[in-house]
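Structure record follows, encoded as structure tokens.
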Amino acid sequence: MIGATTTGPSTAERVRSACARAEGARLAIEGSEPVVTLLHHLRPNGEVIVAVPEDSEVAILARQLSGTGVPAVLELTDHAPLELRESVRSLVWLRGELRPVPASLMRPMAGAVAAEHPHPALLDIGHGTILLRLILSSSVVADGTGAEPVAVEDLLAAEPDPFWEMETSWLQHLDVDHPELIDQLARRLPPSLRRGRIRPLGIDRYGISLRIEGDHGDNDVRLPFPRPVDDSMGLSRALRVLAGCPFLNGLRARG
């Protein structure tokens with residue numbers, strides 16, 4: 001397992017955060033068109049529960065499966081919260097064996113998922129929507145630096161970044177209300193990378209990433225915090241210190 005350091009999350013943590021943030025994952029099995037899932041949730045036992053329309057090709061084929069299931073891939077796209085020239089930050093592929101959930105277990109399974117991950121799509125189970133199980137066998141994440149596999153046991157041992165739910169509001173707040181802070185952070189960049197529009201790309205407990213949209217392409221740069229942070233007050237303080245402005249009032253993302 002690649003351990004987390006003070007410069008950034010481990011690959012497994014990145015995948016868990018992407019899984020938590022991504023909406024509208026695509027589920028594909030051979031012989032059918034990919035379907036956009038209504039819900040995906042990775043459970044501690046290594047299975048991904050997905051909700052799909054009951055009249056979709058994937059759902060129809062899944063109901064015809066034997067107990068052994070069929071190979072399938074779930075593709076998740078992690079989009080930047082801001083409007084950028086290239087909004088995709090990473091892609092995650094979860095591969096495994098797709099199995100149907102028996103009708104008698106559909107509602108109990110929905111209840112189990114709701115206890116871990118409340119989601120409005122669970123209200124439609126049995127009313128035009130069904131659940132399927134993807135038993136994980138491998139996972140891969142790809143971004144601008146390349147592709148990297150993550151062992152399933154490492155993925156299950158990792159946790160999403162504690163700030164994944166508030167990341168969108170934080171980045172939008174920085175981009176709209178604190179351009180002066182972005183300018184201060186940009187001073188840490190090499191002079192060659194300061195030519196272009198600099199936008200916040202991502203933030204987590206280990207640091208902040210910036211996107212430089214230049215005339216000849218985009219560049220992403222990560223600025224790590226001195227140490228990982230655990231709460232919003234610590235995150236605000238770490239940002240101010242990183243920008244060299246410890247005297248600024250604390251930053252708070254708008255609800």
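Residue numbers start at 1 in each chain; chains themselves are named A, B, ... in the order of the structure tokens; ligands are numbered from 1 in the order shown.
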
Can you check which parts of region 19-133 of chain A lie within 10 Å of region 211-230 of chain A? Per residue, the shortest pair of atoms and distance in Å to one decimal, counting only C-alpha atoms, sorted by chain and number, as a Markdown table.
```
| residue | atom | partner | partner_atom | distance |
| --- | --- | --- | --- | --- |
| A:Leu84 | CA | A:Glu213 | CA | 8.3 |
| A:Arg85 | CA | A:Glu213 | CA | 7.6 |
| A:Glu86 | CA | A:Asp218 | CA | 8.5 |
| A:Arg89 | CA | A:Asp220 | CA | 10.0 |
```

As an exercise, work out the distance from CA of Leu235 (chain A) to CA of Arg195 (chain A) in Å and give it to one decimal place.
27.4 Å

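The nearest approach to Gly196 (chain A) among the residues A:Leu210, A:Ala151, A:Val48, A:Ser10, with only C-alpha atoms taken into account, belongs to A:Leu210.
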
Could you work out how far CA of Ser17 (chain A) lies from CA of Met166 (chain A), giving the answer in Å with one decimal?
11.9 Å

Check region 9-204 of chain A with DSSP on the backbone and list each residue it calls alpha helix (DSSP H), as a PyMOL selection string.
chain A and resi 11-21+57-63+103-116+152-157+167-177+179-186

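Every protein or nucleic acid residue with an atom no more than 12 Å from Met106 (chain A), counting only C-alpha atoms and leaving out same-chain residues fewer than 4 positions away, appears here: Ile49, Val50, Ala51, Pro100, Val101, Pro102, Ala110, Gly111, Ala112, Val113, Leu122, Leu123, Asp124, Ile125, Gly126, His127, Thr129, Ile130, Leu131, Leu132 and Arg133 of chain A.
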
Just the selected residues (all heavy atoms), exported as a compact mmCIF listing (two decimals), in the first residue's frame, please.
```txt
# COMPACT_ATOMS: atom_id res chain seq x y z
N ILE A 49 -22.49 -1.39 -4.50
CA ILE A 49 -23.92 -1.49 -4.79
C ILE A 49 -24.28 -0.37 -5.76
O ILE A 49 -23.96 0.80 -5.51
CB ILE A 49 -24.76 -1.35 -3.50
CG1 ILE A 49 -24.35 -2.40 -2.48
CG2 ILE A 49 -26.25 -1.47 -3.82
CD1 ILE A 49 -24.51 -3.82 -2.94
N VAL A 50 -24.88 -0.74 -6.88
CA VAL A 50 -25.28 0.26 -7.87
C VAL A 50 -26.78 0.16 -8.11
O VAL A 50 -27.37 -0.93 -8.05
CB VAL A 50 -24.51 0.07 -9.20
CG1 VAL A 50 -23.03 0.31 -9.01
CG2 VAL A 50 -24.76 -1.32 -9.79
N ALA A 51 -27.38 1.30 -8.36
CA ALA A 51 -28.80 1.36 -8.71
C ALA A 51 -28.91 1.77 -10.17
O ALA A 51 -28.25 2.73 -10.60
CB ALA A 51 -29.53 2.37 -7.82
N PRO A 100 -26.82 -10.04 -9.71
CA PRO A 100 -28.12 -9.44 -9.37
C PRO A 100 -28.38 -9.54 -7.88
O PRO A 100 -27.81 -10.38 -7.18
CB PRO A 100 -29.10 -10.30 -10.17
CG PRO A 100 -28.42 -11.64 -10.27
CD PRO A 100 -26.95 -11.34 -10.39
N VAL A 101 -29.23 -8.68 -7.39
CA VAL A 101 -29.72 -8.77 -6.02
C VAL A 101 -31.11 -9.40 -6.09
O VAL A 101 -31.99 -8.87 -6.79
CB VAL A 101 -29.81 -7.38 -5.36
CG1 VAL A 101 -30.44 -7.49 -3.97
CG2 VAL A 101 -28.42 -6.75 -5.26
N PRO A 102 -31.33 -10.55 -5.45
CA PRO A 102 -32.66 -11.19 -5.50
C PRO A 102 -33.75 -10.22 -5.06
O PRO A 102 -33.53 -9.36 -4.19
CB PRO A 102 -32.52 -12.36 -4.51
CG PRO A 102 -31.05 -12.65 -4.48
CD PRO A 102 -30.37 -11.32 -4.63
N ALA A 110 -31.33 -2.19 0.25
CA ALA A 110 -31.49 -0.73 0.18
C ALA A 110 -31.41 -0.12 1.57
O ALA A 110 -30.81 0.95 1.76
CB ALA A 110 -32.83 -0.39 -0.48
N GLY A 111 -31.98 -0.80 2.56
CA GLY A 111 -31.91 -0.30 3.92
C GLY A 111 -30.50 -0.31 4.46
O GLY A 111 -30.09 0.63 5.16
N ALA A 112 -29.74 -1.36 4.14
CA ALA A 112 -28.35 -1.44 4.59
C ALA A 112 -27.51 -0.34 3.97
O ALA A 112 -26.66 0.27 4.64
CB ALA A 112 -27.77 -2.82 4.27
N VAL A 113 -27.73 -0.08 2.68
CA VAL A 113 -26.99 0.99 2.01
C VAL A 113 -27.38 2.35 2.58
O VAL A 113 -26.52 3.22 2.80
CB VAL A 113 -27.23 0.94 0.49
CG1 VAL A 113 -26.61 2.17 -0.19
CG2 VAL A 113 -26.65 -0.33 -0.10
N LEU A 122 -32.48 5.54 -3.45
CA LEU A 122 -32.91 4.35 -2.72
C LEU A 122 -34.42 4.32 -2.50
O LEU A 122 -35.00 3.25 -2.29
CB LEU A 122 -32.19 4.28 -1.37
CG LEU A 122 -30.66 4.07 -1.46
CD1 LEU A 122 -30.01 4.30 -0.11
CD2 LEU A 122 -30.36 2.66 -1.96
N LEU A 123 -35.06 5.48 -2.58
CA LEU A 123 -36.51 5.53 -2.40
C LEU A 123 -37.25 4.92 -3.59
O LEU A 123 -38.42 4.55 -3.47
CB LEU A 123 -36.96 6.99 -2.21
CG LEU A 123 -36.41 7.71 -0.98
CD1 LEU A 123 -36.85 9.17 -0.99
CD2 LEU A 123 -36.87 7.02 0.30
N ASP A 124 -36.55 4.80 -4.72
CA ASP A 124 -37.19 4.29 -5.93
C ASP A 124 -36.93 2.80 -6.16
O ASP A 124 -37.36 2.26 -7.19
CB ASP A 124 -36.68 5.07 -7.16
CG ASP A 124 -37.07 6.53 -7.11
OD1 ASP A 124 -38.18 6.82 -6.61
OD2 ASP A 124 -36.28 7.38 -7.56
N ILE A 125 -36.24 2.15 -5.23
CA ILE A 125 -35.98 0.72 -5.38
C ILE A 125 -37.30 -0.04 -5.37
O ILE A 125 -38.13 0.12 -4.46
CB ILE A 125 -35.06 0.20 -4.26
CG1 ILE A 125 -33.72 0.94 -4.28
CG2 ILE A 125 -34.84 -1.30 -4.41
CD1 ILE A 125 -32.99 0.89 -5.60
N GLY A 126 -37.51 -0.83 -6.42
CA GLY A 126 -38.77 -1.54 -6.56
C GLY A 126 -39.81 -0.76 -7.31
O GLY A 126 -40.91 -1.26 -7.57
N HIS A 127 -39.49 0.48 -7.66
CA HIS A 127 -40.42 1.35 -8.41
C HIS A 127 -39.69 1.92 -9.63
O HIS A 127 -39.52 3.12 -9.77
CB HIS A 127 -40.94 2.47 -7.53
CG HIS A 127 -41.60 2.01 -6.27
ND1 HIS A 127 -42.87 1.49 -6.24
CD2 HIS A 127 -41.13 1.94 -4.99
CE1 HIS A 127 -43.18 1.15 -5.00
NE2 HIS A 127 -42.14 1.41 -4.22
N THR A 129 -36.53 1.09 -10.39
CA THR A 129 -35.08 1.04 -10.15
C THR A 129 -34.74 -0.25 -9.41
O THR A 129 -35.49 -0.68 -8.52
CB THR A 129 -34.62 2.24 -9.29
OG1 THR A 129 -34.98 3.45 -9.96
CG2 THR A 129 -33.12 2.21 -9.05
N ILE A 130 -33.61 -0.88 -9.79
CA ILE A 130 -33.17 -2.08 -9.09
C ILE A 130 -31.72 -1.90 -8.63
O ILE A 130 -31.01 -1.02 -9.12
CB ILE A 130 -33.27 -3.34 -9.97
CG1 ILE A 130 -32.28 -3.28 -11.14
CG2 ILE A 130 -34.70 -3.54 -10.48
CD1 ILE A 130 -32.13 -4.60 -11.85
N LEU A 131 -31.30 -2.76 -7.71
CA LEU A 131 -29.94 -2.77 -7.22
C LEU A 131 -29.17 -3.95 -7.82
O LEU A 131 -29.72 -5.03 -8.00
CB LEU A 131 -29.90 -2.87 -5.70
CG LEU A 131 -30.46 -1.69 -4.91
CD1 LEU A 131 -30.42 -2.00 -3.41
CD2 LEU A 131 -29.71 -0.41 -5.22
N LEU A 132 -27.89 -3.72 -8.10
CA LEU A 132 -26.97 -4.77 -8.53
C LEU A 132 -25.73 -4.70 -7.64
O LEU A 132 -25.43 -3.67 -7.05
CB LEU A 132 -26.57 -4.58 -10.00
CG LEU A 132 -27.70 -4.54 -11.03
CD1 LEU A 132 -27.15 -4.17 -12.40
CD2 LEU A 132 -28.42 -5.88 -11.09
N ARG A 133 -25.00 -5.83 -7.59
CA ARG A 133 -23.78 -5.90 -6.78
C ARG A 133 -22.58 -6.11 -7.70
O ARG A 133 -22.58 -7.03 -8.51
CB ARG A 133 -23.85 -7.06 -5.78
CG ARG A 133 -25.00 -6.97 -4.80
CD ARG A 133 -25.22 -8.32 -4.12
NE ARG A 133 -24.02 -8.77 -3.41
CZ ARG A 133 -23.59 -10.03 -3.40
NH1 ARG A 133 -24.23 -10.96 -4.09
NH2 ARG A 133 -22.52 -10.37 -2.72
```

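Here the question is which of A:Gly234, A:Pro108, A:Gly244, A:Gly202 gets nearest to Ala80 (chain A) using only C-alpha atoms, and that residue is A:Gly202.
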
Would you pick out the contacts of Arg21 (chain A) at 9 Å or less, using only C-alpha atoms, so that residues sharing its chain but fewer than 4 positions from it are not included, and give the list as an MDAnalysis selection string?
chainID A and resid 16:17 77:79 164:165

Output file for the residues above (N, CA, C and O atoms, as a short mmCIF file (atom, residue, chain, number, x, y, z; two decimals), in the first residue's frame):
```cif
data_model
loop_
_atom_site.label_atom_id
_atom_site.label_comp_id
_atom_site.auth_asym_id
_atom_site.auth_seq_id
_atom_site.Cartn_x
_atom_site.Cartn_y
_atom_site.Cartn_z
N ARG A 16 -10.94 6.63 -3.09
CA ARG A 16 -12.11 6.69 -2.21
C ARG A 16 -12.78 8.06 -2.28
O ARG A 16 -14.02 8.16 -2.28
N SER A 17 -11.99 9.13 -2.35
CA SER A 17 -12.57 10.47 -2.44
C SER A 17 -13.29 10.65 -3.78
O SER A 17 -14.38 11.23 -3.84
N THR A 77 -16.06 9.47 -12.99
CA THR A 77 -15.35 10.66 -13.42
C THR A 77 -15.38 11.70 -12.31
O THR A 77 -16.46 12.07 -11.83
N ASP A 78 -14.19 12.13 -11.90
CA ASP A 78 -14.08 13.16 -10.86
C ASP A 78 -13.90 14.51 -11.55
O ASP A 78 -12.84 14.79 -12.12
N HIS A 79 -14.95 15.34 -11.51
CA HIS A 79 -14.91 16.65 -12.16
C HIS A 79 -14.50 17.73 -11.16
O HIS A 79 -14.85 17.68 -9.98
N TRP A 164 -14.20 16.11 1.57
CA TRP A 164 -14.72 15.91 0.21
C TRP A 164 -16.09 16.55 0.01
O TRP A 164 -16.39 17.06 -1.07
N GLU A 165 -16.93 16.57 1.05
CA GLU A 165 -18.27 17.12 0.89
C GLU A 165 -18.26 18.64 0.81
O GLU A 165 -19.14 19.24 0.18
#
```

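With distances restricted to only C-alpha atoms, A:Gly46 is the closest residue to Asp154 (chain A) from A:Gly46, A:Pro179, A:Gly24, A:Gly207.
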
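Minimum atom-to-atom distances from A:His117, A:Arg43, A:Arg26, A:His178 to Trp93 (chain A) were compared using only C-alpha atoms, and the lowest value belongs to A:Arg26.
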
Can you check which residues of region 9-249 of chain A DSSP gives as strand (DSSP E) on the backbone and send them as a short mmCIF file (atom, residue, chain, number, x, y, z; two decimals) with N, CA and C atoms, in the first residue's frame?
```
data_model
loop_
_atom_site.label_atom_id
_atom_site.label_comp_id
_atom_site.auth_asym_id
_atom_site.auth_seq_id
_atom_site.Cartn_x
_atom_site.Cartn_y
_atom_site.Cartn_z
N ARG A 26 -20.71 5.23 -14.90
CA ARG A 26 -21.16 4.43 -16.04
C ARG A 26 -20.81 2.97 -15.79
N LEU A 27 -21.82 2.11 -15.87
CA LEU A 27 -21.66 0.67 -15.66
C LEU A 27 -21.74 -0.03 -17.00
N ALA A 28 -20.73 -0.87 -17.29
CA ALA A 28 -20.69 -1.53 -18.59
C ALA A 28 -20.41 -3.02 -18.43
N ILE A 29 -21.15 -3.83 -19.19
CA ILE A 29 -20.85 -5.26 -19.31
C ILE A 29 -20.87 -5.57 -20.80
N VAL A 35 -24.66 2.00 -18.96
CA VAL A 35 -25.78 2.70 -18.37
C VAL A 35 -25.25 3.62 -17.27
N VAL A 36 -25.84 4.80 -17.18
CA VAL A 36 -25.48 5.75 -16.11
C VAL A 36 -26.20 5.32 -14.84
N LEU A 39 -27.01 5.46 -8.51
CA LEU A 39 -26.35 5.41 -7.20
C LEU A 39 -25.19 4.43 -7.32
N HIS A 40 -24.08 4.74 -6.66
CA HIS A 40 -23.00 3.77 -6.48
C HIS A 40 -22.46 3.95 -5.07
N HIS A 41 -22.22 2.85 -4.41
CA HIS A 41 -21.74 2.92 -3.02
C HIS A 41 -20.84 1.74 -2.73
N LEU A 42 -19.60 2.03 -2.35
CA LEU A 42 -18.64 1.00 -1.99
C LEU A 42 -18.83 0.60 -0.54
N GLU A 47 -17.85 -4.86 -2.02
CA GLU A 47 -18.80 -4.85 -3.12
C GLU A 47 -19.33 -3.43 -3.32
N VAL A 48 -19.57 -3.10 -4.57
CA VAL A 48 -20.16 -1.81 -4.90
C VAL A 48 -21.63 -2.05 -5.24
N ILE A 49 -22.49 -1.39 -4.50
CA ILE A 49 -23.92 -1.49 -4.79
C ILE A 49 -24.28 -0.37 -5.76
N VAL A 50 -24.88 -0.74 -6.88
CA VAL A 50 -25.28 0.26 -7.87
C VAL A 50 -26.78 0.16 -8.11
N ALA A 51 -27.38 1.30 -8.36
CA ALA A 51 -28.80 1.36 -8.71
C ALA A 51 -28.91 1.77 -10.17
N VAL A 52 -29.72 1.04 -10.93
CA VAL A 52 -29.91 1.32 -12.35
C VAL A 52 -31.39 1.20 -12.70
N PRO A 53 -31.83 1.85 -13.77
CA PRO A 53 -33.23 1.69 -14.19
C PRO A 53 -33.50 0.22 -14.52
N VAL A 70 -21.15 -11.88 -14.03
CA VAL A 70 -20.50 -11.58 -15.30
C VAL A 70 -19.51 -10.43 -15.07
N PRO A 71 -18.37 -10.42 -15.79
CA PRO A 71 -17.41 -9.31 -15.63
C PRO A 71 -18.04 -7.97 -16.00
N ALA A 72 -17.72 -6.94 -15.24
CA ALA A 72 -18.27 -5.61 -15.48
C ALA A 72 -17.27 -4.56 -15.03
N VAL A 73 -17.46 -3.34 -15.55
CA VAL A 73 -16.60 -2.21 -15.20
C VAL A 73 -17.49 -1.03 -14.82
N LEU A 74 -17.14 -0.39 -13.71
CA LEU A 74 -17.82 0.84 -13.30
C LEU A 74 -16.81 1.98 -13.47
N GLU A 75 -17.14 2.94 -14.32
CA GLU A 75 -16.26 4.08 -14.58
C GLU A 75 -16.80 5.32 -13.88
N LEU A 76 -15.95 5.95 -13.06
CA LEU A 76 -16.32 7.15 -12.34
C LEU A 76 -15.45 8.30 -12.80
N THR A 77 -16.06 9.47 -12.99
CA THR A 77 -15.35 10.66 -13.42
C THR A 77 -15.38 11.70 -12.31
N ASP A 78 -14.19 12.13 -11.90
CA ASP A 78 -14.08 13.16 -10.86
C ASP A 78 -13.90 14.51 -11.55
N HIS A 79 -14.95 15.34 -11.51
CA HIS A 79 -14.91 16.65 -12.16
C HIS A 79 -14.50 17.73 -11.16
N VAL A 88 -12.15 17.47 -16.11
CA VAL A 88 -11.93 16.14 -15.54
C VAL A 88 -10.61 16.11 -14.78
N ARG A 89 -10.69 15.81 -13.49
CA ARG A 89 -9.47 15.70 -12.67
C ARG A 89 -8.92 14.29 -12.67
N SER A 90 -9.79 13.31 -12.67
CA SER A 90 -9.33 11.92 -12.70
C SER A 90 -10.45 11.01 -13.14
N LEU A 91 -10.06 9.82 -13.59
CA LEU A 91 -10.99 8.76 -13.93
C LEU A 91 -10.66 7.55 -13.07
N VAL A 92 -11.68 6.86 -12.61
CA VAL A 92 -11.51 5.66 -11.80
C VAL A 92 -12.27 4.52 -12.47
N TRP A 93 -11.59 3.38 -12.61
CA TRP A 93 -12.26 2.19 -13.13
C TRP A 93 -12.27 1.10 -12.06
N LEU A 94 -13.46 0.67 -11.70
CA LEU A 94 -13.64 -0.41 -10.74
C LEU A 94 -14.12 -1.64 -11.51
N ARG A 95 -13.32 -2.69 -11.48
CA ARG A 95 -13.65 -3.91 -12.21
C ARG A 95 -14.04 -5.01 -11.23
N GLY A 96 -14.92 -5.87 -11.69
CA GLY A 96 -15.33 -6.98 -10.84
C GLY A 96 -16.40 -7.82 -11.48
N GLU A 97 -17.10 -8.55 -10.65
CA GLU A 97 -18.14 -9.47 -11.11
C GLU A 97 -19.50 -8.91 -10.72
N LEU A 98 -20.34 -8.70 -11.73
CA LEU A 98 -21.66 -8.13 -11.49
C LEU A 98 -22.67 -9.24 -11.21
N ARG A 99 -23.39 -9.08 -10.11
CA ARG A 99 -24.39 -10.07 -9.73
C ARG A 99 -25.71 -9.37 -9.43
N PRO A 100 -26.82 -10.04 -9.71
CA PRO A 100 -28.12 -9.44 -9.37
C PRO A 100 -28.38 -9.54 -7.88
N THR A 129 -36.53 1.09 -10.39
CA THR A 129 -35.08 1.04 -10.15
C THR A 129 -34.74 -0.25 -9.41
N ILE A 130 -33.61 -0.88 -9.79
CA ILE A 130 -33.17 -2.08 -9.09
C ILE A 130 -31.72 -1.90 -8.63
N LEU A 131 -31.30 -2.76 -7.71
CA LEU A 131 -29.94 -2.77 -7.22
C LEU A 131 -29.17 -3.95 -7.82
N LEU A 132 -27.89 -3.72 -8.10
CA LEU A 132 -26.97 -4.77 -8.53
C LEU A 132 -25.73 -4.70 -7.64
N ARG A 133 -25.00 -5.83 -7.59
CA ARG A 133 -23.78 -5.90 -6.78
C ARG A 133 -22.58 -6.11 -7.70
N LEU A 134 -21.56 -5.27 -7.54
CA LEU A 134 -20.31 -5.44 -8.26
C LEU A 134 -19.25 -5.89 -7.25
N ILE A 135 -18.85 -7.16 -7.31
CA ILE A 135 -17.85 -7.70 -6.39
C ILE A 135 -16.48 -7.31 -6.93
N LEU A 136 -15.80 -6.41 -6.25
CA LEU A 136 -14.57 -5.83 -6.77
C LEU A 136 -13.44 -6.84 -6.88
N SER A 137 -12.69 -6.71 -7.98
CA SER A 137 -11.46 -7.51 -8.14
C SER A 137 -10.25 -6.62 -8.40
N SER A 138 -10.47 -5.39 -8.92
CA SER A 138 -9.36 -4.49 -9.16
C SER A 138 -9.87 -3.07 -9.32
N SER A 139 -8.95 -2.11 -9.17
CA SER A 139 -9.30 -0.70 -9.39
C SER A 139 -8.09 0.02 -9.95
N VAL A 140 -8.34 1.02 -10.79
CA VAL A 140 -7.29 1.82 -11.42
C VAL A 140 -7.76 3.26 -11.42
N VAL A 141 -6.83 4.19 -11.14
CA VAL A 141 -7.12 5.62 -11.23
C VAL A 141 -6.16 6.23 -12.24
N ALA A 142 -6.65 7.17 -13.04
CA ALA A 142 -5.83 7.85 -14.03
C ALA A 142 -6.07 9.35 -13.95
N ASP A 143 -4.97 10.12 -14.01
CA ASP A 143 -5.07 11.57 -14.06
C ASP A 143 -3.97 12.10 -14.96
N GLY A 146 -0.66 10.10 -15.07
CA GLY A 146 -0.63 8.71 -15.52
C GLY A 146 -1.67 7.86 -14.83
N ALA A 147 -1.56 6.56 -14.99
CA ALA A 147 -2.51 5.61 -14.39
C ALA A 147 -1.81 4.76 -13.34
N GLU A 148 -2.56 4.38 -12.30
CA GLU A 148 -1.99 3.58 -11.22
C GLU A 148 -3.04 2.63 -10.66
N PRO A 149 -2.70 1.36 -10.49
CA PRO A 149 -3.65 0.42 -9.89
C PRO A 149 -3.66 0.56 -8.38
N VAL A 150 -4.76 0.14 -7.78
CA VAL A 150 -4.90 0.13 -6.32
C VAL A 150 -5.47 -1.22 -5.91
N ARG A 197 -4.02 31.97 -16.45
CA ARG A 197 -5.09 32.12 -15.46
C ARG A 197 -4.93 31.03 -14.41
N ILE A 198 -4.82 31.42 -13.15
CA ILE A 198 -4.58 30.47 -12.07
C ILE A 198 -5.87 30.29 -11.28
N ARG A 199 -6.31 29.05 -11.17
CA ARG A 199 -7.58 28.74 -10.50
C ARG A 199 -7.35 27.63 -9.48
N PRO A 200 -8.12 27.61 -8.40
CA PRO A 200 -8.05 26.47 -7.47
C PRO A 200 -8.65 25.23 -8.11
N LEU A 201 -7.92 24.12 -8.04
CA LEU A 201 -8.35 22.88 -8.70
C LEU A 201 -8.87 21.85 -7.71
N GLY A 202 -8.25 21.76 -6.54
CA GLY A 202 -8.66 20.77 -5.54
C GLY A 202 -8.08 21.13 -4.19
N ILE A 203 -8.73 20.66 -3.15
CA ILE A 203 -8.23 20.89 -1.80
C ILE A 203 -8.55 19.67 -0.95
N ASP A 204 -7.62 19.30 -0.10
CA ASP A 204 -7.81 18.17 0.81
C ASP A 204 -7.01 18.43 2.07
N GLY A 207 -3.23 19.52 1.35
CA GLY A 207 -2.78 20.68 0.60
C GLY A 207 -3.81 21.14 -0.42
N ILE A 208 -3.38 22.05 -1.27
CA ILE A 208 -4.26 22.60 -2.31
C ILE A 208 -3.57 22.45 -3.66
N SER A 209 -4.36 22.20 -4.71
CA SER A 209 -3.85 22.10 -6.07
C SER A 209 -4.38 23.27 -6.89
N LEU A 210 -3.52 23.81 -7.74
CA LEU A 210 -3.88 24.92 -8.60
C LEU A 210 -3.80 24.49 -10.06
N ARG A 211 -4.67 25.04 -10.87
CA ARG A 211 -4.64 24.82 -12.33
C ARG A 211 -4.20 26.12 -12.99
N ILE A 212 -3.16 26.06 -13.79
CA ILE A 212 -2.69 27.21 -14.56
C ILE A 212 -3.10 27.00 -16.00
N GLU A 213 -4.03 27.80 -16.48
CA GLU A 213 -4.51 27.72 -17.85
C GLU A 213 -3.72 28.74 -18.69
N GLY A 214 -2.71 28.24 -19.39
CA GLY A 214 -1.85 29.12 -20.18
C GLY A 214 -2.17 29.08 -21.65
N GLY A 217 -1.29 25.48 -23.11
CA GLY A 217 -1.72 24.29 -22.39
C GLY A 217 -1.92 24.56 -20.91
N ASP A 218 -2.34 23.52 -20.20
CA ASP A 218 -2.63 23.63 -18.77
C ASP A 218 -1.55 22.93 -17.96
N ASN A 219 -1.33 23.45 -16.77
CA ASN A 219 -0.41 22.82 -15.82
C ASN A 219 -1.07 22.78 -14.45
N ASP A 220 -0.89 21.67 -13.74
CA ASP A 220 -1.40 21.53 -12.39
C ASP A 220 -0.23 21.49 -11.42
N VAL A 221 -0.36 22.24 -10.34
CA VAL A 221 0.69 22.29 -9.32
C VAL A 221 0.06 22.08 -7.95
N ARG A 222 0.70 21.25 -7.14
CA ARG A 222 0.22 20.98 -5.79
C ARG A 222 1.09 21.71 -4.77
N LEU A 223 0.44 22.41 -3.83
CA LEU A 223 1.13 23.09 -2.76
C LEU A 223 0.74 22.40 -1.45
N PRO A 224 1.66 21.65 -0.84
CA PRO A 224 1.31 20.91 0.39
C PRO A 224 1.30 21.79 1.63
#
```
